[in-house]
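The structure under discussion appears below in the form of structure tokens.
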Amino acid sequence: MEYIKTEIPDVWILEPHVFEDARGYFMETWQKEDFDKKTGLVTDFIQDNQSKSSRGVLRGLHYQKGEASQAKLVRVLQGVVVDVAVDLRQDSPTFGRHVMVELSEENKRQLFIPRGFAHGFQVLSETAIFTYKVDNHYAPKSECSIRYDDPFLKIDWPITEKKELLLSEKDLLHAVSFSDAEKF
């Protein structure tokens, strides 16, 4: 596994070694001891989640506040997405900045997002199957959402036409601005 630093400390791109032959391929997607050693972080994932979405779906920017915060390791099994992590850690030198990475079934990249970040992704292919590990359980009362188009964040989403975007009612009606969001 290759561990690639991003411009925000503690956010990592993981690139697995892929072994291909006439039968297909094999790759190791997670190895805790290696991750802990190479990144200096310690994460204990307790749950795996999966979603399927169609082109234009934008999920996010979501996070859970306080003790319910979650670290995530995300990847795409089918299709292509752009994945975004926004730093909500007020004492961080990268507070308010974001990382955007293309994840696809072809590049097999993964993105590690630590606690204290909002997360979202947009589907660029006809469909995408997205999977992620989390280190804490879902807590509905701690769930928060920041507007995907917040002007302070200046996220350059590839699909911007409103008629092409598909957002949940919750993200459309209840997401708050970055300035109004609860921070860490």
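Here, A, B, ... name the chains of the structure tokens in the order displayed, residue numbers run from 1 inside each chain, and ligands are numbered from 1 in the same displayed order.
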Residues of segment 90-168 of chain A at most 7 Å from segment 33-56 of chain A: nearest atom pair and distance in Å, only C-alpha atoms, as CSV:
residue,atom,partner,partner_atom,distance
A:Gln122,CA,A:Gly56,CA,6.4
A:Val123,CA,A:Arg55,CA,5.0
A:Leu124,CA,A:Arg55,CA,5.4
A:Ser125,CA,A:Arg55,CA,5.4
A:Glu126,CA,A:Arg55,CA,4.7
A:Thr127,CA,A:Ser54,CA,4.2
A:Ala128,CA,A:Ser53,CA,5.4
A:Ile129,CA,A:Lys52,CA,4.4
A:Phe130,CA,A:Ser51,CA,5.2
A:Thr131,CA,A:Gln50,CA,4.2
A:Tyr132,CA,A:Asn49,CA,5.3
A:Lys133,CA,A:Asp48,CA,4.4
A:Val134,CA,A:Phe45,CA,5.2
A:Asp135,CA,A:Phe45,CA,4.0
A:Asn136,CA,A:Ile46,CA,6.5
A:Ile159,CA,A:Gly56,CA,6.7
A:Glu164,CA,A:Gly56,CA,5.6
A:Leu165,CA,A:Gly56,CA,4.6
A:Leu166,CA,A:Gly56,CA,5.6
Do you know which residues are at most 12 Å from segment 9-12 of chain A counting only C-alpha atoms, after dropping those on the same chain fewer than 4 positions away, and could you put them as an MDAnalysis selection string? chainID A and resid 1:5 35:36 38:43 71:74 83:87 89 92:95 97:101 109:119
Can you tell me, as a list of chain:residue names, what residues are no more than 12 Å from Lys170 of chain A when counting only C-alpha atoms, ignoring any on the same chain fewer than 6 positions away? A:Leu58, A:Arg59, A:Gly60, A:Leu61, A:His62, A:Glu143, A:Cys144, A:Ser145, A:Ile146, A:Arg147, A:Val176
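Running DSSP on the backbone and keeping only alpha helix (DSSP H), the residues of segment 16-173 of chain A that qualify are A:Lys32, A:Glu33, A:Asp34, A:Phe35, A:Asp36, A:Lys37, A:Lys38, A:Thr39, A:Glu169, A:Lys170, A:Asp171, A:Leu172, A:Leu173.
Here the DSSP assignment of strand (DSSP E or B), based on backbone atoms, applies within segment 29-67 of chain A to Gln47, Asp48, Asn49, Gln50, Ser51, Lys52, Ser53, Ser54, Val57, Leu58, Arg59, Gly60, Leu61, His62, Tyr63 and Gln64 of chain A.
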